[in-house]
Amino acid sequence: MPFSLTDSPPFSWAFLESYLRRYDAHALRHLELLAEVRTRPAACDACEKSNDASPLERDDDFAAARKPSAIEASKADRLERLRYQLLNERAEVLSEEDLRAADELDRIYAALVGRRTPHGRQARRLLWNPDFAQDAVERLERCLDPALPLDRCTDSARRLTEEHFAACAGDSGGTATRHRVLLYAPLYLSSYCVNHCFYCHFKFDNPIARTHLSPGQAVKEAEYLAAQGMRHILLVAGDYPRLTGVDYYVSVVDALRRRFAGQWAVEIAAQSTAAYAQLAAAGVLGVTLYQETYDSSRYSLLHPRGPKTHFDWRLEALERAAEGGIRRLGLGILLGLAPVAEDARVLVRHAVYLRRRFPDCTLAVSLPRLHRPPEGFETPYPVDDETFVRLYCGLRHALPDAELVLSTRETAPLRELLAGVCVTQLSAGSSTAPGGYGDRAAGRSATGGEQFPVSDERPADQVAQALRRQGLAVVWESN
């Protein structure tokens with residue numbers, strides 16, 4: 001299957017109108033939107049292709065140099081959301097006809113906003129196609145094969161890591177002999193969440209203490225992290241639209257940037273392209289968003305209520321982030337929710353797909369593993385340590401130049417082992433509760449409210465020392 005369409009035929013307005021009449025419960029409203037978009041009087045001089053052709057009946061090239069007006073941007077946002085609404089409503093019976101409608105709506109959206117990326121959103125067509133990224137998937141599978149001795153797997157992964165992530169002359173004072181490892185910390189902003197993910201301590205009906213930080217309180221938390229040497233900080237929050245909309249995140253980032261010279265990334269609910277563009281303009285460097293599992297049936301069972309139920313909205317979030325100007329994309333799966341081999345295959349295809357569509361973006365891939373989930377939830381597919389190591393090695397073979405990320409969910413010995421083999425980014429000294437660093441600085445014990453329990457509780461300087469003893473270069477900002 002080709003990676004993308006190479007031709008740009010006229011938009012299929014009649015097909016879309018027919019599709020909406022048959023499958024959309026709000027067809028009249030959306031047909032009006034389609035008519036408004038089709039007849040808009042913009043850029044007419046650029047599209048004198050025929051007497052009856054509207055601007056949007058040409059290919060995407062005419063829009064490349066245009067900036068959409070506020071009205072066009074509003075219509076584009078509505079079109080984008082319509083596309084995902086239809087994908088969600090048709091999820092259980094998704095057919096080629098549904099995918100064609102999604103493609104058409106995406107092409108129209110691209111023309112409205114003047115999208116500069118050369119390919120459309122094709123994740124649904126490619127991530128489950130066994131012919132796509134076949135070489136990368138086979139390299140992953142070789143590492144997962146128990147017949148391959150583990151030491152051979154780790155040795156070759158180590159060589160690849162040293163090749164692609166060699167330390168620079170100034171890293172660790174020039175004393176490092178091996179690859180570099182970035183240390184970062186999460187800064188939790190809010191534990192309020194409207195989703196009902198069974199495996200998450202932030203789920204709506206879990207009776208935990210909830211906290212929401214103001215921008216000023218977030219600055220106080222960051223002061224603690226800066227004193228520990230942290231310069232790369234991941235802002236994390238639950239999904240609670242009344243409290244954690246894009247304007248809130250922009251205000252937090254603005255307050256942090258006025259106080260600190262650091263790098264800011266977010267791990268938040270999936271956003272629209274326009275919202276990601278706001279975050280990029282505010283100074284956000286990266287977006288991390290895990291699909292959790294690529295098995296759509298299991299995904300539906302694990303996410304019964306809340307905005308996160310929308311599989312495709314989440315699946316394509318990193319594409320929207322890149323289209324919005326974000327240049328560091330973090331993806332992953334939550335180990336323990338589904339059979340790991342198939343999820344890992346799709347994860348690799350997803351990474352390859354993003355790399356091909358956005359070659360200027362940095363990819364960071366992670367494999368968080370379920371430990372001590374909320375009461376009443378038993379991990380359905382536990383992953384043992386050897387398989388865990390093989391998965392990380394497999395990712396290094398499949399994606400030689402991708403950042404591999406490991407959090408404090410795992411124990412210190414396992415983190416040190418993988419940092420010496422293939423991991424290039426480690427969290428350190430982490431708290432997974434909003435306000436947790438302030439509590440720590442004041443000598444107060446944790447009062448609950450963490451998203452997940454931390455296994456490696458060492459402060460950042462101790463983690464850095466342990467890495468340097470292996471000859472690794474510790475860095476505090478990404479390239």
# chains A, B, ... in the order shown; residues from 1 in each chain; ligands from 1
>>> select_by_dssp(residues="stretch 287-328 of chain A", states="alpha helix (DSSP H)", output="count of residues only")
19
>>> residues_around(residues="A:Gln134", least_positions_apart="6", cutoff="12 Å", atoms="only C-alpha atoms", output="PDB file with C-alpha atoms, in the first residue's frame")
ATOM      1  CA  MET A   1       0.000   0.000   0.000  1.00  0.00           C
ATOM      2  CA  LEU A 126      -1.293   2.106   7.666  1.00  0.00           C
ATOM      3  CA  LEU A 127      -0.756   1.178  11.316  1.00  0.00           C
ATOM      4  CA  TRP A 128      -2.460  -2.195  11.022  1.00  0.00           C
ATOM      5  CA  LEU A 140      11.589  -5.693  16.859  1.00  0.00           C
ATOM      6  CA  GLU A 141      10.372  -9.272  16.554  1.00  0.00           C
ATOM      7  CA  ARG A 345       4.281  -3.935  16.372  1.00  0.00           C
ATOM      8  CA  VAL A 346       1.679  -1.215  15.884  1.00  0.00           C
ATOM      9  CA  VAL A 348       6.702   0.693  15.781  1.00  0.00           C
ATOM     10  CA  ARG A 349       4.564   1.299  12.690  1.00  0.00           C
ATOM     11  CA  HIS A 350       3.166   4.408  14.334  1.00  0.00           C
ATOM     12  CA  VAL A 352       7.809   5.007  11.448  1.00  0.00           C
ATOM     13  CA  TYR A 353       4.665   6.652  10.082  1.00  0.00           C
ATOM     14  CA  ALA A 398      13.508  -0.917  15.009  1.00  0.00           C
TER      15      ALA A 398
END
>>> residues_around(residues="A:Gln278", least_positions_apart="3", cutoff="12 Å", atoms="only C-alpha atoms", output="mmCIF file with C-alpha atoms, in the first residue's frame")
data_model
loop_
_atom_site.group_PDB
_atom_site.id
_atom_site.type_symbol
_atom_site.label_atom_id
_atom_site.label_comp_id
_atom_site.auth_asym_id
_atom_site.auth_seq_id
_atom_site.Cartn_x
_atom_site.Cartn_y
_atom_site.Cartn_z
ATOM 1 C CA GLY A 245 -8.257 23.985 28.804
ATOM 2 C CA VAL A 246 -5.578 25.232 26.449
ATOM 3 C CA ASP A 247 -5.735 28.762 27.903
ATOM 4 C CA TYR A 248 -4.797 27.351 31.306
ATOM 5 C CA TYR A 249 -1.739 25.585 29.886
ATOM 6 C CA VAL A 250 -0.681 28.689 27.988
ATOM 7 C CA SER A 251 -0.888 30.733 31.179
ATOM 8 C CA VAL A 253 3.870 27.986 30.400
ATOM 9 C CA ASP A 254 3.967 31.768 30.179
ATOM 10 C CA GLN A 271 -6.096 18.612 21.715
ATOM 11 C CA SER A 272 -7.195 20.099 18.400
ATOM 12 C CA THR A 273 -4.627 21.287 15.863
ATOM 13 C CA ALA A 274 -5.474 24.898 16.709
ATOM 14 C CA ALA A 275 -4.910 24.255 20.427
ATOM 15 C CA ALA A 281 3.385 29.593 20.101
ATOM 16 C CA ALA A 282 3.525 29.756 23.908
ATOM 17 C CA GLY A 283 6.848 27.918 23.911
ATOM 18 C CA VAL A 284 5.933 24.246 24.344
ATOM 19 C CA LEU A 285 8.659 22.081 22.828
ATOM 20 C CA ARG A 320 -2.243 17.349 14.994
ATOM 21 C CA ALA A 321 0.520 18.415 17.392
ATOM 22 C CA GLU A 323 0.841 20.164 12.237
ATOM 23 C CA GLY A 324 0.435 22.778 14.968
ATOM 24 C CA GLY A 325 4.183 23.330 15.223
ATOM 25 C CA ILE A 326 5.258 20.950 18.011
#
>>> closest_residue(among="A:Ala338, A:Leu315, A:Leu235, A:Leu105", to="A:Val287", atoms="only C-alpha atoms")
A:Leu235
>>> residues_around(residues="A:Phe165", least_positions_apart="3", cutoff="6 Å", atoms="only C-alpha atoms", output="list of chain:residue names")
A:Thr161, A:Glu162, A:His179
>>> residues_around(residues="A:Trp313", least_positions_apart="6", cutoff="10 Å", atoms="only C-alpha atoms", output="MDAnalysis selection string")
chainID A and resid 80:81 83:85 87:88 270:272 307 320
>>> write_last_selection(atoms="C-alpha atoms", output="PDB file, in the first residue's frame")
ATOM      1  CA  GLU A  80     -11.776  18.679  12.005  1.00  0.00           C
ATOM      2  CA  ARG A  81     -14.086  17.819  14.884  1.00  0.00           C
ATOM      3  CA  ARG A  83     -14.268  14.151  11.005  1.00  0.00           C
ATOM      4  CA  TYR A  84     -13.480  12.648  14.409  1.00  0.00           C
ATOM      5  CA  GLN A  85     -17.122  12.613  15.453  1.00  0.00           C
ATOM      6  CA  LEU A  87     -14.975   8.157  12.979  1.00  0.00           C
ATOM      7  CA  ASN A  88     -16.066   7.670  16.570  1.00  0.00           C
ATOM      8  CA  ALA A 270      -5.545  15.155  23.214  1.00  0.00           C
ATOM      9  CA  GLN A 271      -6.096  18.612  21.715  1.00  0.00           C
ATOM     10  CA  SER A 272      -7.195  20.099  18.400  1.00  0.00           C
ATOM     11  CA  PRO A 307     -13.513  12.203  26.231  1.00  0.00           C
ATOM     12  CA  ARG A 320      -2.243  17.349  14.994  1.00  0.00           C
TER      13      ARG A 320
END
>>> closest_residue(among="A:Arg444, A:Arg369, A:His164, A:Arg458", to="A:Arg396", atoms="only C-alpha atoms")
A:His164
>>> closest_residue(among="A:Asp439, A:Glu403, A:Glu17, A:Asp98", to="A:Ala419", atoms="only C-alpha atoms")
A:Glu403
>>> residues_around(residues="A:Asp239", least_positions_apart="5", cutoff="8 Å", atoms="only C-alpha atoms", output="VMD selection string")
chain A and resid 192 to 195 244 268 to 269
>>> closest_residue(among="A:Tyr224, A:Trp476, A:Phe388, A:Phe452", to="A:His371", atoms="only C-alpha atoms")
A:Phe452
>>> residues_around(residues="A:Glu104", least_positions_apart="5", cutoff="10 Å", atoms="only C-alpha atoms", output="list in words")
Pro10, Phe11, Ser12, Trp13, Phe15, Leu16, Arg83, Asp98, Leu99, Tyr109, Ala110 and Gly120 of chain A
>>> closest_residue(among="A:Phe311, A:Tyr294, A:Tyr392, A:Phe198", to="A:Cys422", atoms="only C-alpha atoms")
A:Tyr392
>>> closest_residue(among="A:Ala91, A:Gln263, A:Arg327, A:Cys197", to="A:Ala277", atoms="only C-alpha atoms")
A:Arg327
>>> select_by_dssp(residues="stretch 334-472 of chain A", states="strand (DSSP E)", output="number ranges by chain")
A: 362-366, 403-406, 425-427
>>> write_last_selection(atoms="N, CA and C atoms", output="PDB file, in the first residue's frame")
ATOM      1  N   THR A 362      11.505  15.267  16.344  1.00  0.00           N
ATOM      2  CA  THR A 362      12.181  14.260  17.168  1.00  0.00           C
ATOM      3  C   THR A 362      11.136  13.323  17.755  1.00  0.00           C
ATOM      4  N   LEU A 363      11.402  12.018  17.674  1.00  0.00           N
ATOM      5  CA  LEU A 363      10.501  11.026  18.253  1.00  0.00           C
ATOM      6  C   LEU A 363      11.068  10.518  19.566  1.00  0.00           C
ATOM      7  N   ALA A 364      10.202  10.379  20.556  1.00  0.00           N
ATOM      8  CA  ALA A 364      10.573   9.815  21.852  1.00  0.00           C
ATOM      9  C   ALA A 364       9.552   8.733  22.186  1.00  0.00           C
ATOM     10  N   VAL A 365      10.024   7.500  22.397  1.00  0.00           N
ATOM     11  CA  VAL A 365       9.132   6.357  22.572  1.00  0.00           C
ATOM     12  C   VAL A 365       9.323   5.791  23.974  1.00  0.00           C
ATOM     13  N   SER A 366       8.213   5.464  24.624  1.00  0.00           N
ATOM     14  CA  SER A 366       8.269   4.978  25.999  1.00  0.00           C
ATOM     15  C   SER A 366       7.386   3.751  26.168  1.00  0.00           C
ATOM     16  N   GLU A 403      14.573   8.680  20.529  1.00  0.00           N
ATOM     17  CA  GLU A 403      14.790   8.724  21.971  1.00  0.00           C
ATOM     18  C   GLU A 403      13.958   7.612  22.615  1.00  0.00           C
ATOM     19  N   LEU A 404      14.551   6.887  23.557  1.00  0.00           N
ATOM     20  CA  LEU A 404      13.807   5.903  24.341  1.00  0.00           C
ATOM     21  C   LEU A 404      13.747   6.397  25.775  1.00  0.00           C
ATOM     22  N   VAL A 405      12.545   6.413  26.339  1.00  0.00           N
ATOM     23  CA  VAL A 405      12.267   7.087  27.599  1.00  0.00           C
ATOM     24  C   VAL A 405      11.838   6.062  28.643  1.00  0.00           C
ATOM     25  N   LEU A 406      12.298   6.262  29.881  1.00  0.00           N
ATOM     26  CA  LEU A 406      11.959   5.350  30.983  1.00  0.00           C
ATOM     27  C   LEU A 406      11.678   6.174  32.235  1.00  0.00           C
ATOM     28  N   GLN A 425      16.616   8.766  27.818  1.00  0.00           N
ATOM     29  CA  GLN A 425      15.922   9.804  28.581  1.00  0.00           C
ATOM     30  C   GLN A 425      15.295   9.176  29.815  1.00  0.00           C
ATOM     31  N   LEU A 426      15.633   9.702  30.995  1.00  0.00           N
ATOM     32  CA  LEU A 426      15.149   9.172  32.272  1.00  0.00           C
ATOM     33  C   LEU A 426      14.526  10.295  33.095  1.00  0.00           C
ATOM     34  N   SER A 427      13.370  10.015  33.688  1.00  0.00           N
ATOM     35  CA  SER A 427      12.884  10.930  34.713  1.00  0.00           C
ATOM     36  C   SER A 427      13.629  10.630  36.006  1.00  0.00           C
TER      37      SER A 427
END
>>> atom_distance(atom1="atom CA of A:Leu337", atom2="atom CA of A:Arg314")
16.6 Å
